[in-house]
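Here is model_29.cif, consisting of mmCIF, C-alpha atoms and all ligand atoms:
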data_input
loop_
_atom_site.label_atom_id
_atom_site.label_comp_id
_atom_site.auth_asym_id
_atom_site.auth_seq_id
_atom_site.Cartn_x
_atom_site.Cartn_y
_atom_site.Cartn_z
CA MET D 1 -3.20 28.68 4.14
CA ALA D 2 -6.87 28.24 5.02
CA ALA D 3 -8.55 30.49 7.57
CA THR D 4 -8.60 27.58 10.02
CA THR D 5 -4.81 27.74 10.32
CA MET D 6 -3.17 30.18 12.72
CA THR D 7 0.37 31.28 12.06
CA THR D 8 2.60 33.32 14.34
CA THR D 9 5.81 34.88 13.20
CA LEU D 10 8.33 34.54 15.98
CA GLY D 11 10.61 37.01 14.30
CA PHE D 12 13.81 35.01 14.65
CA VAL D 13 16.74 36.39 12.74
CA LEU D 14 18.70 33.63 11.11
CA PRO D 15 22.25 33.13 12.35
CA THR D 16 24.81 34.31 9.83
CA GLY D 17 25.71 31.73 7.20
CA LEU D 18 22.17 30.38 7.05
CA SER D 19 21.32 31.83 3.71
CA PRO D 20 18.55 30.03 1.85
CA ARG D 21 19.86 27.17 -0.27
CA ARG D 22 17.64 28.25 -3.12
CA GLY D 23 16.37 31.61 -4.23
CA GLY D 24 12.94 32.78 -3.20
CA LEU D 25 12.71 30.99 0.16
CA ARG D 26 11.63 32.81 3.31
CA VAL D 27 14.43 33.81 5.62
CA SER D 28 12.54 34.13 8.92
CA ILE D 29 11.39 31.15 10.96
CA VAL D 30 7.63 30.80 11.07
CA ARG D 31 5.95 28.56 13.63
CA CYS D 32 2.79 27.18 12.05
CA SER D 33 -0.29 26.05 13.93
CA ALA D 34 -0.12 22.44 15.00
CA SER D 35 -3.65 21.67 14.08
CA SER D 36 -6.65 23.33 12.57
CA LEU D 37 -9.13 20.78 13.88
CA THR D 38 -8.07 20.03 17.45
CA THR D 39 -9.49 22.25 20.18
CA SER D 40 -7.59 23.24 23.30
CA THR D 41 -9.30 20.48 25.29
CA GLY D 42 -7.88 17.81 22.96
CA SER D 43 -11.23 16.79 21.50
CA THR D 44 -11.47 16.83 17.72
CA ALA D 45 -14.13 18.30 15.46
CA SER D 46 -15.67 14.82 15.15
CA GLY D 47 -15.97 14.57 18.94
CA ILE D 48 -13.38 11.81 19.31
CA VAL D 49 -11.15 12.32 22.31
CA GLU D 50 -7.47 11.78 21.67
CA LYS D 51 -5.18 9.64 23.77
CA PRO D 52 -4.60 11.87 26.77
CA TRP D 53 -0.87 11.14 26.82
CA SER D 54 -0.22 12.55 23.33
CA SER D 55 1.63 15.83 23.38
CA TYR D 56 3.30 18.07 20.85
CA ASP D 57 6.71 16.51 21.30
CA ALA D 58 8.00 16.67 17.70
CA ARG D 59 8.85 19.28 15.09
CA LEU D 60 9.04 19.21 11.34
CA VAL D 61 11.36 22.02 10.26
CA LEU D 62 11.38 22.79 6.55
CA GLU D 63 14.16 24.52 4.67
CA ASP D 64 11.86 27.44 3.86
CA GLY D 65 11.90 28.36 7.56
CA SER D 66 8.49 26.97 8.48
CA ILE D 67 8.18 24.91 11.66
CA TRP D 68 5.33 22.44 12.21
CA PRO D 69 4.80 21.26 15.78
CA ALA D 70 3.46 17.68 15.81
CA LYS D 71 2.91 14.60 17.94
CA SER D 72 5.27 11.70 17.49
CA PHE D 73 4.59 8.00 17.12
CA GLY D 74 7.05 5.27 16.22
CA ALA D 75 10.72 5.94 16.86
CA PRO D 76 12.21 9.05 18.48
CA GLY D 77 15.23 10.86 17.01
CA THR D 78 16.24 13.43 14.40
CA ARG D 79 16.27 12.74 10.66
CA VAL D 80 16.91 14.89 7.61
CA ALA D 81 15.23 14.07 4.27
CA GLU D 82 13.27 15.45 1.34
CA LEU D 83 9.54 15.89 2.00
CA VAL D 84 7.10 14.60 -0.64
CA PHE D 85 3.33 14.21 -0.53
CA ASN D 86 1.45 11.09 -1.61
CA THR D 87 -2.20 11.31 -2.67
CA SER D 88 -3.06 7.58 -2.39
CA LEU D 89 -6.19 6.95 -0.36
CA THR D 90 -5.10 3.45 0.65
CA GLY D 91 -1.99 1.31 0.75
CA TYR D 92 0.15 3.08 3.34
CA GLN D 93 1.96 -0.16 4.19
CA GLU D 94 3.08 -0.72 0.58
CA ILE D 95 4.21 2.92 0.54
CA LEU D 96 6.16 2.46 3.80
CA THR D 97 7.96 -0.56 2.35
CA ASP D 98 8.64 0.85 -1.15
CA PRO D 99 12.47 1.25 -1.23
CA SER D 100 12.11 4.12 -3.72
CA TYR D 101 11.22 6.37 -0.77
CA ALA D 102 14.71 6.13 0.75
CA GLY D 103 15.90 9.66 1.63
CA GLN D 104 12.34 11.00 1.79
CA PHE D 105 9.64 11.80 4.35
CA VAL D 106 6.26 10.79 2.97
CA LEU D 107 3.31 13.01 3.82
CA MET D 108 -0.03 11.33 3.19
CA THR D 109 -2.74 13.73 1.98
CA ASN D 110 -5.47 11.29 3.07
CA PRO D 111 -6.32 12.85 6.44
CA GLN D 112 -6.68 9.62 8.40
CA ILE D 113 -4.08 6.88 8.34
CA GLY D 114 -3.73 3.67 10.35
CA ASN D 115 -7.32 2.46 10.44
CA THR D 116 -6.52 -0.90 8.76
CA GLY D 117 -3.31 -1.54 10.70
CA VAL D 118 -0.61 -3.60 8.99
CA ASN D 119 -0.36 -7.23 7.91
CA LEU D 120 2.41 -9.59 6.83
CA ASP D 121 1.23 -9.93 3.21
CA ASP D 122 1.38 -6.28 2.17
CA GLU D 123 5.13 -5.78 2.39
CA GLU D 124 6.83 -4.47 -0.77
CA SER D 125 10.33 -5.13 0.61
CA LYS D 126 11.94 -6.49 3.77
CA GLN D 127 12.53 -3.07 5.29
CA CYS D 128 11.18 0.46 5.55
CA PHE D 129 13.78 2.64 3.84
CA LEU D 130 11.92 5.95 3.94
CA ALA D 131 13.01 8.53 6.53
CA GLY D 132 9.63 9.08 8.18
CA LEU D 133 5.86 9.27 7.87
CA VAL D 134 3.89 12.52 8.18
CA ILE D 135 0.13 12.32 8.66
CA ARG D 136 -2.80 14.49 9.74
CA SER D 137 -4.58 12.06 12.02
CA LEU D 138 -3.51 8.69 13.39
CA SER D 139 -6.56 6.48 13.57
CA ILE D 140 -7.49 5.82 17.20
CA SER D 141 -8.81 2.36 16.31
CA THR D 142 -7.55 -0.37 14.01
CA SER D 143 -10.03 -2.67 12.34
CA ASN D 144 -9.39 -5.07 9.49
CA TRP D 145 -9.60 -8.86 9.18
CA ARG D 146 -6.03 -9.04 7.82
CA CYS D 147 -4.52 -6.79 10.47
CA THR D 148 -1.79 -8.26 12.68
CA LYS D 149 -0.61 -5.08 14.42
CA THR D 150 -1.18 -1.37 14.68
CA LEU D 151 0.66 1.11 12.51
CA ALA D 152 2.22 2.73 15.60
CA ASP D 153 3.64 -0.61 16.85
CA TYR D 154 4.94 -1.38 13.35
CA LEU D 155 6.80 1.93 13.14
CA THR D 156 8.28 1.46 16.61
CA GLU D 157 9.48 -2.08 15.77
CA ARG D 158 11.09 -0.81 12.57
CA ASN D 159 12.69 2.17 14.24
CA LEU D 160 10.83 4.48 11.88
CA MET D 161 9.73 8.00 12.84
CA GLY D 162 6.14 9.09 12.39
CA ILE D 163 4.40 12.35 13.26
CA TYR D 164 0.73 13.34 13.28
CA ASP D 165 -1.60 16.21 14.14
CA LEU D 166 -0.13 18.80 11.81
CA ASP D 167 -1.79 20.63 8.96
CA THR D 168 -0.91 18.34 6.06
CA ARG D 169 -3.09 20.32 3.64
CA ALA D 170 -1.17 23.53 4.29
CA ILE D 171 2.16 21.71 3.89
CA THR D 172 1.02 20.07 0.64
CA ARG D 173 0.06 23.46 -0.80
CA ARG D 174 3.47 24.77 0.19
CA LEU D 175 5.18 21.86 -1.59
CA ARG D 176 3.05 22.42 -4.69
CA GLU D 177 3.96 26.11 -4.75
CA GLU D 178 7.64 25.97 -3.80
CA GLY D 179 8.49 22.46 -5.00
CA SER D 180 9.79 19.63 -2.85
CA LEU D 181 11.51 20.87 0.28
CA ASN D 182 14.16 19.33 2.49
CA GLY D 183 13.27 19.09 6.15
CA VAL D 184 14.22 17.73 9.52
CA LEU D 185 11.95 15.67 11.74
CA SER D 186 12.94 15.74 15.38
CA THR D 187 11.70 14.67 18.79
CA GLU D 188 14.82 16.03 20.48
CA GLN D 189 13.86 19.03 22.58
CA THR D 190 17.51 19.96 23.15
CA LYS D 191 17.96 20.91 19.50
CA THR D 192 17.05 24.49 18.65
CA ASP D 193 14.89 25.48 15.68
CA GLU D 194 17.92 27.16 14.13
CA GLU D 195 20.01 23.98 14.42
CA LEU D 196 17.32 21.93 12.71
CA LEU D 197 16.88 24.57 10.02
CA HIS D 198 20.61 24.55 9.43
CA MET D 199 20.53 20.73 9.08
CA SER D 200 17.72 20.90 6.54
CA ARG D 201 19.63 23.45 4.46
CA SER D 202 22.95 21.63 4.60
CA TRP D 203 21.67 18.41 3.05
CA ASP D 204 20.56 17.57 -0.49
CA ILE D 205 19.15 14.42 -2.05
CA VAL D 206 20.48 15.44 -5.49
CA GLY D 207 23.66 13.65 -6.50
CA ILE D 208 23.52 10.92 -3.81
CA ASP D 209 23.63 7.21 -4.73
CA LEU D 210 20.78 5.82 -2.62
CA ILE D 211 20.51 2.62 -4.64
CA SER D 212 23.51 0.85 -3.13
CA ASP D 213 21.89 0.94 0.35
CA VAL D 214 18.64 -0.67 -0.77
CA SER D 215 19.79 -3.21 -3.38
CA CYS D 216 20.25 -6.89 -2.47
CA LYS D 217 23.82 -7.99 -1.75
CA SER D 218 23.81 -11.23 -3.78
CA PRO D 219 21.64 -12.86 -6.46
CA TYR D 220 18.57 -14.88 -5.49
CA GLU D 221 15.67 -16.68 -7.20
CA TRP D 222 12.14 -15.29 -6.84
CA VAL D 223 9.25 -17.79 -6.91
CA ASP D 224 6.13 -16.21 -5.35
CA LYS D 225 3.21 -15.42 -7.62
CA THR D 226 0.37 -13.07 -6.82
CA ASP D 227 -1.91 -14.91 -4.40
CA PRO D 228 -4.72 -16.39 -6.60
CA GLU D 229 -7.22 -14.79 -4.23
CA TRP D 230 -6.05 -11.36 -5.39
CA ASP D 231 -5.06 -12.11 -8.99
CA PHE D 232 -7.51 -10.45 -11.37
CA ASN D 233 -5.81 -11.22 -14.66
CA THR D 234 -5.18 -14.95 -14.99
CA ASN D 235 -7.00 -16.02 -18.15
CA THR D 236 -4.84 -15.01 -21.03
CA ARG D 237 -1.32 -16.17 -20.20
CA ASP D 238 0.37 -18.84 -22.25
CA GLY D 239 2.21 -20.07 -19.13
CA LYS D 240 5.49 -20.62 -20.99
CA PRO D 241 8.42 -19.83 -18.69
CA TYR D 242 10.76 -17.00 -19.66
CA ARG D 243 14.09 -16.54 -17.93
CA VAL D 244 14.27 -13.00 -16.58
CA ILE D 245 17.06 -11.24 -14.72
CA ALA D 246 15.77 -8.41 -12.53
CA TYR D 247 18.28 -5.72 -11.56
CA ASP D 248 17.44 -4.69 -8.02
CA PHE D 249 17.76 -0.93 -7.69
CA GLY D 250 15.23 -1.09 -4.82
CA ILE D 251 12.77 -3.52 -6.36
CA LYS D 252 9.19 -3.79 -5.13
CA HIS D 253 8.04 -7.34 -4.50
CA ASN D 254 4.92 -6.94 -6.56
CA ILE D 255 6.98 -6.45 -9.72
CA LEU D 256 8.49 -9.87 -9.01
CA ARG D 257 5.12 -11.42 -8.16
CA ARG D 258 3.61 -10.12 -11.40
CA LEU D 259 6.55 -11.51 -13.42
CA SER D 260 6.02 -14.94 -11.77
CA SER D 261 2.29 -14.78 -12.36
CA TYR D 262 2.96 -14.11 -16.04
CA GLY D 263 5.11 -17.24 -16.13
CA CYS D 264 8.62 -15.84 -15.71
CA GLN D 265 11.42 -17.52 -13.78
CA THR D 266 13.19 -14.58 -12.23
CA THR D 267 16.66 -14.18 -10.78
CA VAL D 268 17.13 -10.96 -8.83
CA VAL D 269 20.65 -9.50 -8.98
CA PRO D 270 22.33 -6.59 -7.15
CA SER D 271 22.63 -3.16 -8.79
CA THR D 272 26.36 -3.71 -9.33
CA PHE D 273 25.98 -7.12 -11.01
CA PRO D 274 28.22 -7.08 -14.12
CA ALA D 275 26.40 -7.07 -17.46
CA SER D 276 28.78 -9.76 -18.74
CA GLU D 277 27.70 -12.10 -15.89
CA ALA D 278 24.05 -11.39 -16.60
CA LEU D 279 24.52 -12.29 -20.28
CA LYS D 280 26.28 -15.54 -19.33
CA MET D 281 23.05 -16.59 -17.58
CA ASN D 282 21.41 -16.51 -21.02
CA PRO D 283 18.22 -14.63 -20.02
CA ASP D 284 15.21 -14.12 -22.30
CA GLY D 285 14.81 -10.63 -20.89
CA ILE D 286 16.11 -8.17 -18.33
CA LEU D 287 14.11 -5.95 -16.02
CA PHE D 288 15.54 -2.75 -14.54
CA SER D 289 13.61 -1.98 -11.38
CA ASN D 290 12.35 1.06 -9.53
CA GLY D 291 14.71 2.63 -7.00
CA PRO D 292 15.35 5.70 -4.86
CA GLY D 293 17.03 9.02 -5.54
CA ASP D 294 18.68 10.81 -8.39
CA PRO D 295 19.14 8.72 -11.55
CA SER D 296 22.12 10.81 -12.63
CA ALA D 297 23.95 9.91 -9.38
CA VAL D 298 24.43 6.28 -10.43
CA PRO D 299 26.53 6.32 -13.64
CA TYR D 300 27.67 2.72 -12.98
CA ALA D 301 24.06 1.56 -13.37
CA VAL D 302 23.68 3.49 -16.64
CA GLU D 303 26.86 1.80 -17.92
CA THR D 304 25.43 -1.64 -17.08
CA VAL D 305 22.22 -0.80 -18.92
CA LYS D 306 24.24 0.41 -21.94
CA GLU D 307 26.19 -2.85 -22.06
CA LEU D 308 22.97 -4.85 -22.15
CA LEU D 309 21.10 -2.73 -24.71
CA GLY D 310 20.48 -4.52 -27.97
CA LYS D 311 21.67 -7.90 -26.64
CA VAL D 312 18.45 -8.97 -24.91
CA PRO D 313 14.92 -7.46 -24.55
CA VAL D 314 14.78 -5.03 -21.65
CA TYR D 315 11.99 -3.53 -19.56
CA GLY D 316 12.49 -0.54 -17.25
CA ILE D 317 10.17 0.55 -14.47
CA CYS D 318 10.50 4.03 -12.90
CA MET D 319 14.22 4.31 -11.94
CA GLY D 320 14.81 1.56 -14.53
CA HIS D 321 13.03 3.73 -17.13
CA GLN D 322 15.17 6.76 -16.18
CA LEU D 323 18.39 4.73 -16.45
CA LEU D 324 17.26 3.42 -19.85
CA GLY D 325 16.52 6.98 -20.96
CA GLN D 326 20.09 7.97 -20.06
CA ALA D 327 21.61 4.84 -21.59
CA LEU D 328 19.83 5.66 -24.85
CA GLY D 329 21.48 9.08 -24.85
CA GLY D 330 18.78 11.15 -23.12
CA LYS D 331 18.83 13.29 -19.99
CA THR D 332 16.83 13.21 -16.75
CA TYR D 333 15.75 16.24 -14.74
CA LYS D 334 14.25 16.91 -11.31
CA MET D 335 10.56 17.77 -11.35
CA LYS D 336 9.04 20.52 -9.20
CA PHE D 337 7.32 18.22 -6.68
CA GLY D 338 7.13 14.87 -8.48
CA HIS D 339 4.28 12.41 -8.74
CA HIS D 340 3.32 10.25 -5.78
CA GLY D 341 -0.10 8.66 -5.70
CA GLY D 342 -2.56 6.21 -7.18
CA ASN D 343 -4.59 8.52 -9.38
CA HIS D 344 -2.36 9.74 -12.22
CA PRO D 345 -3.92 9.65 -15.70
CA VAL D 346 -1.54 8.43 -18.39
CA ARG D 347 -2.27 8.30 -22.12
CA ASN D 348 -0.98 5.33 -24.07
CA ASN D 349 -0.05 7.07 -27.34
CA ARG D 350 -0.28 3.85 -29.34
CA THR D 351 -3.85 2.96 -28.37
CA GLY D 352 -5.15 6.38 -27.32
CA GLN D 353 -6.41 4.76 -24.12
CA VAL D 354 -6.04 6.46 -20.75
CA GLU D 355 -4.86 4.42 -17.78
CA ILE D 356 -5.15 5.57 -14.17
CA SER D 357 -1.77 4.74 -12.73
CA ALA D 358 0.23 4.42 -9.53
CA GLN D 359 3.21 6.76 -9.51
CA ASN D 360 6.18 7.55 -7.31
CA HIS D 361 8.96 9.63 -8.81
CA ASN D 362 10.63 13.04 -8.54
CA TYR D 363 12.71 12.81 -11.71
CA ALA D 364 11.70 12.37 -15.34
CA VAL D 365 13.26 11.76 -18.75
CA ASP D 366 13.40 14.82 -21.00
CA PRO D 367 11.91 13.59 -24.30
CA ALA D 368 13.63 16.38 -26.26
CA SER D 369 17.01 14.94 -25.27
CA LEU D 370 16.32 11.50 -26.75
CA PRO D 371 17.82 10.41 -30.07
CA GLY D 372 15.74 9.62 -33.15
CA GLY D 373 14.01 6.24 -33.15
CA VAL D 374 13.12 6.40 -29.44
CA GLU D 375 9.36 6.69 -29.16
CA VAL D 376 7.48 8.32 -26.26
CA THR D 377 4.75 5.72 -25.78
CA HIS D 378 3.02 7.18 -22.69
CA VAL D 379 2.34 10.71 -21.45
CA ASN D 380 1.29 11.85 -17.99
CA LEU D 381 -1.89 13.85 -18.64
CA ASN D 382 -1.52 16.01 -15.52
CA ASP D 383 1.63 17.74 -16.72
CA GLY D 384 2.52 16.27 -20.13
CA SER D 385 5.70 14.63 -18.85
CA CYS D 386 7.16 11.51 -20.43
CA ALA D 387 5.63 8.38 -18.87
CA GLY D 388 6.90 5.62 -21.16
CA LEU D 389 9.43 4.85 -23.87
CA SER D 390 10.07 2.30 -26.55
CA PHE D 391 13.01 1.67 -28.83
CA PRO D 392 11.93 -1.20 -31.06
CA ALA D 393 15.33 -1.51 -32.78
CA MET D 394 16.81 -2.68 -29.47
CA ASN D 395 13.75 -4.38 -27.93
CA VAL D 396 13.45 -1.71 -25.25
CA MET D 397 10.28 -0.80 -23.35
CA SER D 398 9.91 1.26 -20.19
CA LEU D 399 7.39 3.01 -17.96
CA GLN D 400 7.91 5.92 -15.59
CA TYR D 401 5.09 4.68 -13.36
CA HIS D 402 4.07 1.43 -11.64
CA PRO D 403 2.21 -1.22 -13.67
CA GLU D 404 2.53 -3.50 -10.62
CA ALA D 405 0.43 -1.01 -8.58
CA SER D 406 0.83 -1.92 -4.86
CA PRO D 407 -0.73 0.31 -3.98
CA GLY D 408 -2.88 1.62 -6.79
CA PRO D 409 -5.03 0.77 -9.78
CA HIS D 410 -4.31 -2.22 -12.04
CA ASP D 411 -5.05 -0.53 -15.39
CA SER D 412 -1.43 -0.90 -16.54
CA ASP D 413 -0.87 -4.56 -15.62
CA ASN D 414 -0.92 -5.41 -19.31
CA ALA D 415 2.60 -3.95 -19.58
CA PHE D 416 3.89 -7.24 -18.11
CA ARG D 417 2.24 -9.11 -20.98
CA GLU D 418 3.85 -6.69 -23.45
CA PHE D 419 7.24 -7.60 -21.95
CA ILE D 420 6.42 -11.31 -22.43
CA GLU D 421 5.45 -10.56 -26.06
CA LEU D 422 8.70 -8.65 -26.55
CA MET D 423 10.71 -11.64 -25.27
CA LYS D 424 8.63 -14.04 -27.38
CA ARG D 425 9.15 -12.03 -30.60
CA SER D 426 12.86 -11.72 -29.94
CA LYS D 427 13.16 -15.47 -29.33
CA GLN D 428 11.25 -16.30 -32.51
CA SER D 429 13.39 -14.00 -34.63
CA SER D 430 16.73 -15.29 -33.29
N1 LIG O 501 9.96 4.76 -7.93
C1 LIG O 501 11.12 5.05 -8.50
O1 LIG O 501 11.80 4.21 -9.10
C2 LIG O 501 11.62 6.45 -8.32
C3 LIG O 501 12.68 6.83 -9.31
C4 LIG O 501 13.53 8.02 -8.88
N2 LIG O 501 14.12 7.75 -7.62
C5 LIG O 501 12.67 9.27 -8.82
O2 LIG O 501 12.36 9.77 -7.75
O3 LIG O 501 12.28 9.76 -9.86
#
Let me see whether you can do it: turn the structure in this file into structure tokens.
Ligand SMILES: NC(=O)CC[C@H](N)C(=O)O
Amino acid sequence: MAATTMTTTLGFVLPTGLSPRRGGLRVSIVRCSASSLTTSTGSTASGIVEKPWSSYDARLVLEDGSIWPAKSFGAPGTRVAELVFNTSLTGYQEILTDPSYAGQFVLMTNPQIGNTGVNLDDEESKQCFLAGLVIRSLSISTSNWRCTKTLADYLTERNLMGIYDLDTRAITRRLREEGSLNGVLSTEQTKTDEELLHMSRSWDIVGIDLISDVSCKSPYEWVDKTDPEWDFNTNTRDGKPYRVIAYDFGIKHNILRRLSSYGCQTTVVPSTFPASEALKMNPDGILFSNGPGDPSAVPYAVETVKELLGKVPVYGICMGHQLLGQALGGKTYKMKFGHHGGNHPVRNNRTGQVEISAQNHNYAVDPASLPGGVEVTHVNLNDGSCAGLSFPAMNVMSLQYHPEASPGPHDSDNAFREFIELMKRSKQSS
């Protein structure tokens, strides 16, 4: 931790039975400084005086025994989840409404969040499925022409917990060193540190089916395109409609908007929708969406993907890519701390071009486990992990990251056109 952070070991001895869930974790509870920038008078280094009623009324307790006092905003309560950090500079509302964050607390590394408020157009789903938001500083003012409410009011309305005024840099370094950690966020003063630590160590995101909670319950048609005001890529479409079925494993709206903008007529179906029913609808292509949690915890979804392989062109995004990897015979694994942000360089192996991409995943496909004929089309240049696949024999394409951005750069938008081309070629050859 940096010299600006003060830590005090309280010297608690853990109650018996609270052995670390994983090897190498600390066994004593360490209370970390709440803030490296706030002075005892409540004024910050920049001279801005905080709301006088804010107090350190919340705790983030991590499974490694560290405790981070914080101030709460949004809903009160106690939640357990996996803590991940996101390096996006903008787009916190899209992040809050991305269903792939179910079961996770999202820590934003950008030190100030909330300055643009929230607005009705930037929703990526109808609900916030993540477990809570962790930020360094909650902006004391909100200013944007699209803003309809403050971030704090939005969290309260959605019954979502948020905490601020804790050392997010120190926590991020801890996550990078130790890997993602489970934690408990609590505003309940009656709960002891040991109780919260026990909760964090008794829970695990691995092996849980989180998709069934976030998927739609029945099929529906999607019609919205990207608002022309924001669409940057309108010139080269042929406008011919393609019938697409999108499996909703926690789908982000911008995937659906981009499909519409590229001329697709899309029907969204639940994660449990039978493959046989999908085929009866005679689609030109099928999209397997992003979604939360462990891809090996949803074997029913892998079975569905298997049944559709080779019958119709398919396109997988993030969770959809991982399910495709498994359906093709490969394996997925949990990464140390995953990729969450809008600045990940990816090399397209076919063109040699590098795209800066939006990413949000903790699992990846192991390329060594894939059968012959499956091509790794994209590589994450930060760590060499597999970022895209293709299996031409079965008209399969997939990306581990987010060509729809929201939030993030648009470098990879062309992947939607490649899906159109895949459907077009398959139609012409049949
Ligand atoms: N955005 C996603 O689809 C995430 C996929 C998967 N839940 C992971 O964490 O790897």
Of the residues D:Val374, D:Leu166, D:Ala81, D:Val269, which is the one nearest to D:Ile205, using only C-alpha atoms?
D:Ala81
Can you work out which residues are within 9 Å of ligand LIG 501 (chain O), considering only C-alpha atoms and all ligand atoms, and then hand them over as a PyMOL selection string?
chain D and resi 98-102+210-211+249-251+289-295+317-322+332-335+338-340+359-364+400-402
Those selected residues, please, written with C-alpha atoms and delivered as an mmCIF file, in the frame of the given file.
data_model
loop_
_atom_site.group_PDB
_atom_site.id
_atom_site.type_symbol
_atom_site.label_atom_id
_atom_site.label_comp_id
_atom_site.auth_asym_id
_atom_site.auth_seq_id
_atom_site.Cartn_x
_atom_site.Cartn_y
_atom_site.Cartn_z
ATOM 1 C CA ASP D 98 8.640 0.850 -1.150
ATOM 2 C CA PRO D 99 12.470 1.250 -1.230
ATOM 3 C CA SER D 100 12.110 4.120 -3.720
ATOM 4 C CA TYR D 101 11.220 6.370 -0.770
ATOM 5 C CA ALA D 102 14.710 6.130 0.750
ATOM 6 C CA LEU D 210 20.780 5.820 -2.620
ATOM 7 C CA ILE D 211 20.510 2.620 -4.640
ATOM 8 C CA PHE D 249 17.760 -0.930 -7.690
ATOM 9 C CA GLY D 250 15.230 -1.090 -4.820
ATOM 10 C CA ILE D 251 12.770 -3.520 -6.360
ATOM 11 C CA SER D 289 13.610 -1.980 -11.380
ATOM 12 C CA ASN D 290 12.350 1.060 -9.530
ATOM 13 C CA GLY D 291 14.710 2.630 -7.000
ATOM 14 C CA PRO D 292 15.350 5.700 -4.860
ATOM 15 C CA GLY D 293 17.030 9.020 -5.540
ATOM 16 C CA ASP D 294 18.680 10.810 -8.390
ATOM 17 C CA PRO D 295 19.140 8.720 -11.550
ATOM 18 C CA ILE D 317 10.170 0.550 -14.470
ATOM 19 C CA CYS D 318 10.500 4.030 -12.900
ATOM 20 C CA MET D 319 14.220 4.310 -11.940
ATOM 21 C CA GLY D 320 14.810 1.560 -14.530
ATOM 22 C CA HIS D 321 13.030 3.730 -17.130
ATOM 23 C CA GLN D 322 15.170 6.760 -16.180
ATOM 24 C CA THR D 332 16.830 13.210 -16.750
ATOM 25 C CA TYR D 333 15.750 16.240 -14.740
ATOM 26 C CA LYS D 334 14.250 16.910 -11.310
ATOM 27 C CA MET D 335 10.560 17.770 -11.350
ATOM 28 C CA GLY D 338 7.130 14.870 -8.480
ATOM 29 C CA HIS D 339 4.280 12.410 -8.740
ATOM 30 C CA HIS D 340 3.320 10.250 -5.780
ATOM 31 C CA GLN D 359 3.210 6.760 -9.510
ATOM 32 C CA ASN D 360 6.180 7.550 -7.310
ATOM 33 C CA HIS D 361 8.960 9.630 -8.810
ATOM 34 C CA ASN D 362 10.630 13.040 -8.540
ATOM 35 C CA TYR D 363 12.710 12.810 -11.710
ATOM 36 C CA ALA D 364 11.700 12.370 -15.340
ATOM 37 C CA GLN D 400 7.910 5.920 -15.590
ATOM 38 C CA TYR D 401 5.090 4.680 -13.360
ATOM 39 C CA HIS D 402 4.070 1.430 -11.640
#
Ranking D:Val244, D:Leu323, D:Val298, D:Leu309 by minimum distance to D:Ile420 and counting all atoms listed in the file, which one comes first?
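The closest residue to D:Ile420 is D:Val244.
Near D:Gly384, within 10 Å and counting all atoms listed in the file, sit Val346, Arg347, His378, Val379 and Asn380 of chain D, not including residues fewer than 4 positions from it in the same chain.
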For atom CA of D:Glu178 and atom CA of D:Ser357, determine how far apart the two atoms are, in Å to one decimal place.
24.9 Å
So how far away is atom CA of D:Val80 from atom CA of D:Ala405, in Å?
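Atom CA of D:Val80 lies at a distance of 28.0 Å from atom CA of D:Ala405.
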Within 9 Å of D:Asn86, counting only C-alpha atoms, which residues show up once you throw out same-chain ones fewer than 6 positions away? Write them as a ChimeraX atom specification, please.
/D:95,106-110,339-342,360
Emit the selected residues as a PDB file, in the coordinates of the input, including C-alpha atoms.
ATOM      1  CA  ILE D  95       4.210   2.920   0.540  1.00  0.00           C
ATOM      2  CA  VAL D 106       6.260  10.790   2.970  1.00  0.00           C
ATOM      3  CA  LEU D 107       3.310  13.010   3.820  1.00  0.00           C
ATOM      4  CA  MET D 108      -0.030  11.330   3.190  1.00  0.00           C
ATOM      5  CA  THR D 109      -2.740  13.730   1.980  1.00  0.00           C
ATOM      6  CA  ASN D 110      -5.470  11.290   3.070  1.00  0.00           C
ATOM      7  CA  HIS D 339       4.280  12.410  -8.740  1.00  0.00           C
ATOM      8  CA  HIS D 340       3.320  10.250  -5.780  1.00  0.00           C
ATOM      9  CA  GLY D 341      -0.100   8.660  -5.700  1.00  0.00           C
ATOM     10  CA  GLY D 342      -2.560   6.210  -7.180  1.00  0.00           C
ATOM     11  CA  ASN D 360       6.180   7.550  -7.310  1.00  0.00           C
TER      12      ASN D 360
END
